[in-house]
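Visitor: My structure is stored as coords-v3.txt, with compact mmCIF, C-alpha atoms.
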```txt
# COMPACT_ATOMS: atom_id res chain seq x y z
CA MET A 836 -27.71 -16.97 -12.86
CA PRO A 837 -25.09 -15.13 -10.75
CA LEU A 838 -21.55 -16.29 -11.28
CA ASN A 839 -19.64 -18.28 -8.66
CA ILE A 840 -16.41 -16.30 -8.35
CA VAL A 841 -13.17 -16.78 -6.47
CA PHE A 842 -11.44 -13.43 -5.97
CA MET A 843 -7.68 -13.02 -5.68
CA GLY A 844 -6.32 -9.64 -4.61
CA THR A 845 -4.30 -7.92 -1.90
CA PRO A 846 -3.93 -4.08 -1.74
CA ASP A 847 -6.46 -1.25 -1.56
CA PHE A 848 -6.49 -1.02 -5.38
CA ALA A 849 -8.35 -4.36 -5.43
CA VAL A 850 -10.95 -3.42 -2.80
CA PRO A 851 -13.38 -1.54 -5.12
CA CYS A 852 -13.38 -4.53 -7.49
CA LEU A 853 -14.33 -7.01 -4.76
CA SER A 854 -16.94 -4.61 -3.43
CA ARG A 855 -18.44 -4.16 -6.90
CA ILE A 856 -18.63 -7.92 -7.51
CA LEU A 857 -20.69 -8.25 -4.35
CA GLU A 858 -22.88 -5.26 -5.20
CA ASP A 859 -23.60 -6.79 -8.60
CA GLY A 860 -24.98 -9.88 -6.89
CA HIS A 861 -22.34 -12.43 -7.81
CA ARG A 862 -21.50 -15.18 -5.37
CA VAL A 863 -17.95 -14.99 -4.00
CA SER A 864 -17.19 -18.44 -2.66
CA GLY A 865 -13.67 -17.59 -1.54
CA VAL A 866 -11.05 -14.83 -1.39
CA PHE A 867 -7.32 -15.48 -1.82
CA THR A 868 -4.97 -12.79 -0.53
CA GLN A 869 -1.37 -12.56 0.59
CA PRO A 870 -0.41 -13.41 4.19
CA ASP A 871 -0.62 -10.74 6.90
CA LYS A 872 2.59 -8.70 7.15
CA PRO A 873 4.33 -6.65 9.87
CA VAL A 874 3.73 -2.92 9.32
CA GLY A 875 5.19 0.23 10.84
CA ARG A 876 7.92 0.93 13.33
CA HIS A 877 6.46 -1.52 15.82
CA GLN A 878 5.99 -4.21 13.13
CA VAL A 879 2.35 -4.88 13.96
CA LEU A 880 1.02 -7.88 12.04
CA THR A 881 -1.57 -6.34 9.70
CA PRO A 882 -4.06 -7.97 7.30
CA PRO A 883 -4.20 -6.82 3.66
CA PRO A 884 -7.05 -4.43 2.77
CA VAL A 885 -8.79 -7.14 0.70
CA LYS A 886 -8.84 -9.47 3.71
CA GLU A 887 -10.39 -6.76 5.87
CA LEU A 888 -13.25 -6.25 3.41
CA ALA A 889 -13.73 -9.98 2.92
CA LEU A 890 -14.05 -10.61 6.64
CA GLU A 891 -16.48 -7.69 6.99
CA ARG A 892 -18.67 -9.33 4.34
CA GLY A 893 -18.41 -12.78 5.91
CA LEU A 894 -16.41 -14.31 3.07
CA SER A 895 -14.03 -17.25 3.38
CA VAL A 896 -10.41 -16.07 3.23
CA TYR A 897 -7.38 -18.12 2.16
CA GLN A 898 -3.78 -16.95 2.50
CA PRO A 899 -1.53 -19.66 1.08
CA ALA A 900 2.18 -18.97 1.36
CA LYS A 901 2.79 -20.84 -1.92
CA LEU A 902 0.75 -21.52 -5.05
CA ARG A 903 2.79 -24.37 -6.52
CA ASP A 904 2.65 -27.00 -3.78
CA GLY A 905 -0.89 -28.19 -4.57
CA THR A 906 -2.56 -26.66 -1.52
CA ALA A 907 -4.07 -23.66 -3.32
CA LEU A 908 -5.23 -25.84 -6.22
CA GLU A 909 -6.99 -28.23 -3.84
CA ILE A 910 -8.81 -25.32 -2.17
CA LEU A 911 -9.79 -23.89 -5.54
CA GLN A 912 -11.10 -27.21 -6.82
CA GLY A 913 -13.24 -27.52 -3.71
CA LEU A 914 -14.75 -24.08 -4.33
CA ASN A 915 -15.49 -25.03 -7.96
CA PRO A 916 -15.68 -21.46 -9.31
CA ASP A 917 -17.08 -20.46 -12.67
CA LEU A 918 -14.45 -17.74 -12.86
CA VAL A 919 -11.40 -16.52 -10.97
CA VAL A 920 -10.96 -12.74 -10.81
CA VAL A 921 -7.45 -11.47 -10.06
CA VAL A 922 -6.70 -7.86 -9.11
CA ALA A 923 -3.20 -6.95 -7.88
CA TYR A 924 -2.82 -10.27 -6.09
CA GLY A 925 0.96 -10.08 -6.21
CA ARG A 926 1.52 -13.70 -7.21
CA ILE A 927 1.94 -15.37 -10.61
CA LEU A 928 -0.67 -18.11 -11.07
CA PRO A 929 0.67 -21.47 -12.27
CA ARG A 930 -0.92 -23.29 -15.21
CA ASP A 931 -2.93 -25.74 -13.08
CA ILE A 932 -4.71 -22.86 -11.32
CA LEU A 933 -5.28 -20.96 -14.58
CA ASP A 934 -6.94 -24.05 -16.02
CA CYS A 935 -9.13 -24.76 -12.97
CA PRO A 936 -12.18 -22.44 -13.36
CA ARG A 937 -14.76 -23.30 -16.00
CA LEU A 938 -14.68 -19.87 -17.66
CA GLY A 939 -11.02 -19.09 -17.01
CA CYS A 940 -9.19 -16.43 -15.03
CA VAL A 941 -9.79 -12.70 -15.61
CA ASN A 942 -7.38 -9.99 -14.49
CA VAL A 943 -7.87 -6.25 -13.95
CA HIS A 944 -4.63 -4.41 -14.80
CA GLY A 945 -3.86 -0.72 -14.23
CA SER A 946 -2.71 0.23 -17.72
CA ILE A 947 -3.73 0.24 -21.35
CA LEU A 948 -2.17 -3.05 -22.38
CA PRO A 949 0.19 -4.00 -23.94
CA LYS A 950 1.78 -0.88 -22.45
CA TYR A 951 3.19 -1.24 -18.94
CA ARG A 952 3.12 -4.92 -18.13
CA GLY A 953 4.42 -5.57 -14.65
CA ALA A 954 4.20 -4.55 -11.01
CA ALA A 955 3.97 -0.74 -11.23
CA PRO A 956 1.94 0.28 -14.32
CA ILE A 957 0.34 3.37 -12.76
CA GLN A 958 3.62 4.77 -11.50
CA TRP A 959 5.33 4.29 -14.85
CA THR A 960 2.43 6.02 -16.60
CA VAL A 961 3.25 9.15 -14.58
CA LEU A 962 7.03 8.66 -14.74
CA HIS A 963 6.86 8.72 -18.54
CA GLY A 964 4.60 11.77 -18.60
CA ASP A 965 1.74 10.00 -20.41
CA LYS A 966 -1.38 12.07 -21.03
CA THR A 967 -3.74 9.08 -20.96
CA ALA A 968 -4.06 6.26 -18.43
CA GLY A 969 -6.47 3.36 -18.15
CA VAL A 970 -7.42 -0.10 -16.99
CA THR A 971 -7.69 -3.36 -18.90
CA THR A 972 -9.58 -6.57 -18.24
CA MET A 973 -7.99 -9.62 -19.85
CA PHE A 974 -7.94 -13.39 -19.86
CA MET A 975 -4.88 -14.51 -17.95
CA ALA A 976 -1.99 -16.40 -19.53
CA GLU A 977 1.17 -17.90 -18.04
CA GLU A 978 3.29 -15.02 -19.33
CA LEU A 979 2.93 -11.91 -17.14
CA ASP A 980 0.10 -9.59 -18.26
CA ALA A 981 0.19 -11.05 -21.78
CA GLY A 982 -3.33 -12.50 -22.05
CA ASP A 983 -6.03 -11.60 -24.56
CA ILE A 984 -7.70 -8.23 -23.89
CA ILE A 985 -11.41 -8.16 -23.06
CA GLN A 986 -12.11 -4.49 -22.39
CA VAL A 987 -10.27 -1.19 -21.88
CA MET A 988 -11.37 2.02 -20.14
CA THR A 989 -9.31 5.21 -20.25
CA THR A 990 -9.00 8.53 -18.45
CA GLU A 991 -6.88 11.62 -18.97
CA VAL A 992 -3.95 12.12 -16.61
CA ARG A 993 -4.49 15.43 -14.83
CA GLU A 994 -1.91 18.17 -14.76
CA ASN A 995 0.56 17.67 -11.89
CA GLU A 996 -1.21 14.46 -10.84
CA THR A 997 0.87 12.12 -8.70
CA SER A 998 0.88 8.37 -9.17
CA GLY A 999 -0.88 8.05 -5.81
CA GLU A 1000 -3.69 10.32 -6.96
CA LEU A 1001 -4.01 8.50 -10.28
CA TYR A 1002 -4.02 5.18 -8.39
CA GLN A 1003 -7.05 6.35 -6.40
CA ARG A 1004 -8.92 7.29 -9.59
CA LEU A 1005 -8.08 4.11 -11.49
CA ALA A 1006 -9.24 1.76 -8.71
CA PRO A 1007 -12.98 2.56 -9.15
CA LEU A 1008 -12.52 2.70 -12.93
CA GLY A 1009 -11.14 -0.84 -12.73
CA ALA A 1010 -14.22 -1.88 -10.75
CA GLU A 1011 -16.51 -0.45 -13.43
CA CYS A 1012 -14.58 -2.16 -16.21
CA LEU A 1013 -14.72 -5.45 -14.33
CA SER A 1014 -18.46 -5.09 -13.72
CA GLN A 1015 -19.11 -4.68 -17.43
CA THR A 1016 -16.84 -7.61 -18.25
CA LEU A 1017 -18.54 -9.93 -15.74
CA GLY A 1018 -21.91 -8.85 -17.13
CA LEU A 1019 -20.94 -10.40 -20.47
CA PHE A 1020 -20.15 -13.72 -18.80
CA GLU A 1021 -23.32 -13.65 -16.71
CA ARG A 1022 -25.59 -12.96 -19.68
CA GLY A 1023 -23.85 -15.57 -21.82
CA GLN A 1024 -22.84 -12.95 -24.38
CA PRO A 1025 -19.72 -13.35 -26.50
CA VAL A 1026 -16.69 -12.16 -24.55
CA PRO A 1027 -14.10 -10.36 -26.73
CA ARG A 1028 -10.61 -11.86 -26.94
CA THR A 1029 -8.24 -9.44 -28.63
CA PRO A 1030 -4.65 -10.75 -28.73
CA GLN A 1031 -2.07 -8.23 -27.56
CA ASP A 1032 0.46 -6.84 -30.01
CA HIS A 1033 3.55 -8.16 -28.22
CA GLN A 1034 5.85 -5.96 -30.32
CA LYS A 1035 4.30 -2.91 -28.63
CA MET A 1036 4.83 -4.30 -25.14
CA THR A 1037 6.59 -2.13 -22.54
CA LEU A 1038 7.53 -3.11 -19.00
CA ALA A 1039 6.64 -1.49 -15.68
CA PRO A 1040 9.07 -3.06 -13.19
CA MET A 1041 9.00 -2.59 -9.46
CA LEU A 1042 10.22 0.76 -8.18
CA ASP A 1043 13.48 1.21 -6.34
CA LYS A 1044 14.57 3.91 -3.89
CA ALA A 1045 17.79 4.51 -5.81
CA MET A 1046 15.91 5.69 -8.90
CA GLY A 1047 14.58 8.71 -7.00
CA GLU A 1048 17.78 10.77 -6.92
CA LEU A 1049 17.28 14.14 -8.61
CA ASP A 1050 19.99 15.15 -11.05
CA PHE A 1051 19.39 18.82 -11.82
CA ARG A 1052 21.50 18.57 -14.97
CA LYS A 1053 18.48 16.85 -16.53
CA PRO A 1054 15.54 18.75 -18.08
CA ALA A 1055 12.94 20.16 -15.69
CA TRP A 1056 10.10 18.17 -17.25
CA GLU A 1057 11.94 14.88 -16.67
CA LEU A 1058 12.55 15.69 -13.01
CA HIS A 1059 8.94 16.80 -12.58
CA ASN A 1060 7.68 13.46 -13.92
CA LEU A 1061 10.07 11.65 -11.58
CA ILE A 1062 8.84 13.56 -8.54
CA GLN A 1063 5.14 13.05 -9.34
CA GLY A 1064 5.63 9.42 -10.39
CA LEU A 1065 7.45 8.41 -7.19
CA ASN A 1066 4.83 10.02 -4.94
CA PRO A 1067 3.90 8.47 -2.49
CA TRP A 1068 6.63 5.80 -2.69
CA PRO A 1069 9.59 5.62 -2.79
CA SER A 1070 9.81 9.43 -3.23
CA ALA A 1071 12.23 11.52 -5.23
CA TRP A 1072 15.11 12.98 -3.25
CA MET A 1073 18.05 15.35 -3.41
CA THR A 1074 21.16 15.90 -1.34
CA VAL A 1075 21.52 19.29 0.34
CA LYS A 1076 24.62 20.02 2.42
CA GLY A 1077 25.26 16.30 2.79
CA LYS A 1078 21.73 15.41 3.94
CA ARG A 1079 18.93 13.74 2.04
CA VAL A 1080 15.76 15.75 1.39
CA LYS A 1081 12.69 14.10 -0.10
CA VAL A 1082 10.79 16.04 -2.76
CA HIS A 1083 7.10 15.16 -2.87
CA ARG A 1084 5.66 17.72 -5.29
CA SER A 1085 6.80 20.17 -7.93
CA LEU A 1086 5.55 22.54 -10.61
CA MET A 1087 6.91 23.36 -14.02
CA VAL A 1088 7.52 27.11 -14.24
CA GLU A 1089 8.34 29.63 -16.91
CA TRP A 1090 11.25 31.54 -15.41
CA SER A 1091 11.94 34.92 -16.93
CA GLY A 1092 14.62 35.94 -14.46
CA CYS A 1093 18.29 35.04 -14.44
CA GLN A 1094 19.39 31.62 -15.60
CA GLY A 1095 21.41 29.74 -13.03
CA LYS A 1096 23.58 26.67 -13.07
CA PRO A 1097 21.86 23.27 -12.57
CA GLY A 1098 20.86 22.94 -8.91
CA GLU A 1099 21.12 26.67 -8.21
CA ILE A 1100 18.17 28.25 -6.37
CA LEU A 1101 16.81 31.10 -8.45
CA PRO A 1102 15.84 34.37 -6.72
CA GLY A 1103 12.22 34.75 -5.64
CA GLN A 1104 9.78 33.74 -2.92
CA TRP A 1105 9.64 30.06 -3.81
CA LEU A 1106 12.09 27.18 -4.06
CA THR A 1107 12.67 27.42 -7.80
CA VAL A 1108 15.69 25.51 -9.09
CA ALA A 1109 17.63 25.80 -12.33
CA CYS A 1110 17.81 22.57 -14.34
CA GLY A 1111 19.69 21.42 -17.39
CA GLN A 1112 16.75 22.71 -19.41
CA GLY A 1113 14.23 25.06 -17.79
CA SER A 1114 13.51 25.43 -14.10
CA LEU A 1115 11.42 23.60 -11.54
CA MET A 1116 9.55 24.81 -8.47
CA LEU A 1117 9.82 22.36 -5.56
CA THR A 1118 6.55 22.93 -3.70
CA GLU A 1119 6.64 20.21 -1.02
CA VAL A 1120 9.77 18.78 0.55
CA GLN A 1121 10.72 16.74 3.61
CA PRO A 1122 14.17 17.19 5.17
CA GLU A 1123 15.75 14.15 6.76
CA GLY A 1124 14.12 13.39 10.14
CA LYS A 1125 11.47 16.11 9.78
CA LYS A 1126 7.87 16.48 8.61
CA LYS A 1127 6.77 17.64 5.17
CA MET A 1128 6.91 21.38 4.56
CA SER A 1129 6.44 23.82 1.73
CA GLY A 1130 9.38 24.51 -0.53
CA GLU A 1131 9.13 28.17 0.39
CA ALA A 1132 9.51 27.43 4.13
CA TYR A 1133 12.47 25.15 3.47
CA ALA A 1134 14.17 27.74 1.26
CA CYS A 1135 14.10 30.28 4.09
CA GLY A 1136 16.67 28.21 5.98
CA LEU A 1137 19.08 27.90 3.09
CA GLY A 1138 21.94 30.19 2.22
CA LYS A 1139 21.82 32.23 -0.97
CA ASP A 1140 24.61 30.26 -2.59
CA THR A 1141 23.26 26.79 -1.77
CA ILE A 1142 23.46 24.33 -4.67
CA LEU A 1143 20.89 21.52 -4.50
CA GLY A 1144 22.02 18.01 -5.29
CA SER A 1145 25.43 18.44 -3.74
```
Take the structure in the file and write it out as C-alpha cells.

Guide:
Amino acid sequence: MPLNIVFMGTPDFAVPCLSRILEDGHRVSGVFTQPDKPVGRHQVLTPPPVKELALERGLSVYQPAKLRDGTALEILQGLNPDLVVVVAYGRILPRDILDCPRLGCVNVHGSILPKYRGAAPIQWTVLHGDKTAGVTTMFMAEELDAGDIIQVMTTEVRENETSGELYQRLAPLGAECLSQTLGLFERGQPVPRTPQDHQKMTLAPMLDKAMGELDFRKPAWELHNLIQGLNPWPSAWMTVKGKRVKVHRSLMVEWSGCQGKPGEILPGQWLTVACGQGSLMLTEVQPEGKKKMSGEAYACGLGKDTILGS
C-alpha cells in the first residue's frame, strides 16, 4: 500500500522531492514548511516554494513558528503518518517529533555524509574544490545530520561549476534517491542502516558575507573556489579604489606573460589578476550600485596601474 507521508521542507531544493513523492503515488497527508517571509526591497510577504507547490496540489499546509511547544506534535499525531520526510526544512526536530511516525523520520541531505553536516553542504563542496558531490538519505537523529545512512548517490562536480549550478543538479538527484529509499519502505524490504563514521565528520556552517573578501596574496585556485562557491550568495568581493566590487565568476588561467604583484592586473584583453600563486581571470563582476558585467568591460574603465583589493 502507498505510504502515508508528512513532508517537511522549505526552499526550492525540496520541491523536486515533494513532487516525486506525489508522482510515485504516496499519500501526503500534510506539509510542514517555514512561515512566509518578507522578500525584496518592498518586503512583500512571500510563501516558501514548498508551500506554493503544496497549495497547487491541494495539500494541507502547516507553518508552526515553534516545534517545541507541543502544537506541531499535536498536528503530527492527528495526521498519523507512517513516515516523515524532511528536506531542507530549516528546523531541528525535537525527540518527540522524531519518535512520532511509525517508520521514523527520513532526511535528504545535499552531501556525501558524514562529510559536510550542516546548513550549507553544497556550497562547502565547491568552496573546498571537491571533485565529487552527492546526496544522502538517512534516518534522522537528534544530533544534526548524524543519523544512520540509507542510500547515497553521487555526481562529478563540473569544471567551473558554481554552487548555485550544483544546487540545481543535486535537487533532482535528491528526489531520485528519495524515491528509491521510499520504495524500500513501501515494498517492506529491509532498509539499510549504516552508522556514520563520526571521526570523518566535517561541518558545513552557514555562509557569511565577510568570508567573501578576496585576498590576492592567496593562491589563484583558492580564490577561484571561493568565487564559485559563494555564487549566487553571498558573493565574493574585492575592493577597488575604495569601492566594493562583487566577483561572480572566474577562470583559472596559465599566464605566460609577465608576473605581477598580487592584485595587479596583467596585460591583455581580459581582467586577469596576479595572485600569490598563479593568476586568475575574473570573467563576471558587479561594481557597487551597478549591474553585472564582463570582466573585460570592467577592466576598460580601470587605469593601468590599478591594484585590486586595495

Visitor: Got a sec: who's within 12 Å of Arg993 of chain A, counting all atoms listed in the file, leaving out chain neighbours fewer than 4 positions off, as number ranges by chain?

Guide: A: 960-961, 964-968, 997-998, 1000-1001, 1004, 1063

Visitor: Asn942 of chain A: which residues within 6 Å, counting all atoms listed in the file, same-chain residues fewer than 4 positions away excluded, as a ChimeraX atom specification?

Guide: /A:920-922,972-973

Visitor: Can you tell me, as a ChimeraX atom specification, what residues are no more than 6 Å from Phe974 of chain A when counting all atoms listed in the file, ignoring any on the same chain fewer than 3 positions away?

Guide: /A:940-941,982-983

Visitor: Between atom CA of Pro873 of chain A and atom CA of Ala955 of chain A, what is the distance in Å, rounded to a tenth?

Guide: 21.9 Å

Visitor: Might you pull out every residue within 10 Å of Lys1035 of chain A, with only C-alpha atoms counted and same-chain residues fewer than 5 positions away left off, and present them as an NGL selection string?

Guide: :A and (948-951)

Visitor: Report, in Å to a single decimal, how far apart atom CA of Phe848 of chain A and atom CA of Arg1028 of chain A are.

Guide: 24.5 Å

Visitor: Between atom CA of Gly860 of chain A and atom CA of Pro837 of chain A, what distance in Å does the model show, to one decimal?

Guide: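 Atom-to-atom, atom CA of Gly860 of chain A to atom CA of Pro837 of chain A, that is 6.5 Å.
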
Visitor: Determine, using all atoms listed in the file, which residues of segment 906-928 of chain A have any atom at most 9 Å from an atom of segment 864-870 of chain A, and tabulate each with its shortest atom pair and distance in Å to one decimal place, rows ordered by chain and then rising number, as a Markdown table.

Guide:
```
| residue | atom | partner | partner_atom | distance |
| --- | --- | --- | --- | --- |
| A:Ala907 | CA | A:Phe867 | CA | 8.9 |
| A:Leu911 | CA | A:Gly865 | CA | 8.4 |
| A:Leu914 | CA | A:Ser864 | CA | 6.4 |
| A:Asn915 | CA | A:Ser864 | CA | 8.6 |
| A:Pro916 | CA | A:Ser864 | CA | 7.5 |
| A:Tyr924 | CA | A:Thr868 | CA | 6.5 |
| A:Gly925 | CA | A:Gln869 | CA | 7.6 |
| A:Arg926 | CA | A:Gln869 | CA | 8.4 |
```

Visitor: Excluding same-chain residues fewer than 4 positions from segment 1101-1118 of chain A, what lies within 12 Å of it counting all atoms listed in the file, as a ChimeraX atom specification?

Guide: /A:995,1049-1060,1062-1063,1071-1073,1080-1097,1127-1144

Visitor: For a quick check of your reading of the model, name the residues lying within 10 Å of the coordinate (-26.2, -10.6, -11.0), counting only C-alpha atoms, and write them as a list in words.

Guide: Met836, Pro837, Leu838, Ile856, Leu857, Glu858, Asp859, Gly860, His861, Arg862, Ser1014, Leu1017, Gly1018, Glu1021 and Arg1022 of chain A

Visitor: Which residue out of A:Glu1011, A:Lys901, A:Pro1122, A:Phe1020 has the minimum interatomic distance to Gly939 of chain A when all atoms listed in the file are used?

Guide: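 Checking each of A:Glu1011, A:Lys901, A:Pro1122, A:Phe1020 against Gly939 of chain A, counting all atoms listed in the file, the winner is A:Phe1020.
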
Visitor: Show me the residues close to (4.5, -2.1, -16.9) - anything with an atom within 9 Å, counting all atoms listed in the file - and format the list as a list in words.

Guide: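 Residues lying no farther than 9 Å from the given point: Gly945, Ser946, Leu948, Pro949, Lys950, Tyr951, Arg952, Gly953, Ala954, Ala955, Pro956, Ile957, Gln958, Trp959, Thr960, Asp980, Met1036, Thr1037, Leu1038, Ala1039, Pro1040 and Met1041 of chain A.
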
Visitor: Looking at A:Ile1100, A:Val896, A:Leu1061, A:Leu938, which one is nearest to Met1046 of chain A, with distances taken over only C-alpha atoms?

Guide: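 Smallest separation from Met1046 of chain A among the options: A:Leu1061.
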
Visitor: Using the file's own x, y and z axes, what box holds all listed atoms of segment 1124-1142 of chain A with 4 Å on each side, keeping edges along x, y and z, and what are its centre and edge lengths in Å to one decimal, as JSON?

Guide:
```
{"center_x": 15.5, "center_y": 22.8, "center_z": 2.7, "size_x": 26.2, "size_y": 26.8, "size_z": 22.8}
```

Visitor: Counting all atoms listed in the file, which of A:Lys872, A:Asp847, A:Lys1125, A:Ile932 gets nearest to Gly905 of chain A?

Guide: A:Ile932

Visitor: Compare A:Thr971, A:Ser854, A:Gln912, A:Gln1121 by their minimum atom-to-atom distance to Gln1031 of chain A, counting only C-alpha atoms, and give me the closest one.

Guide: A:Thr971
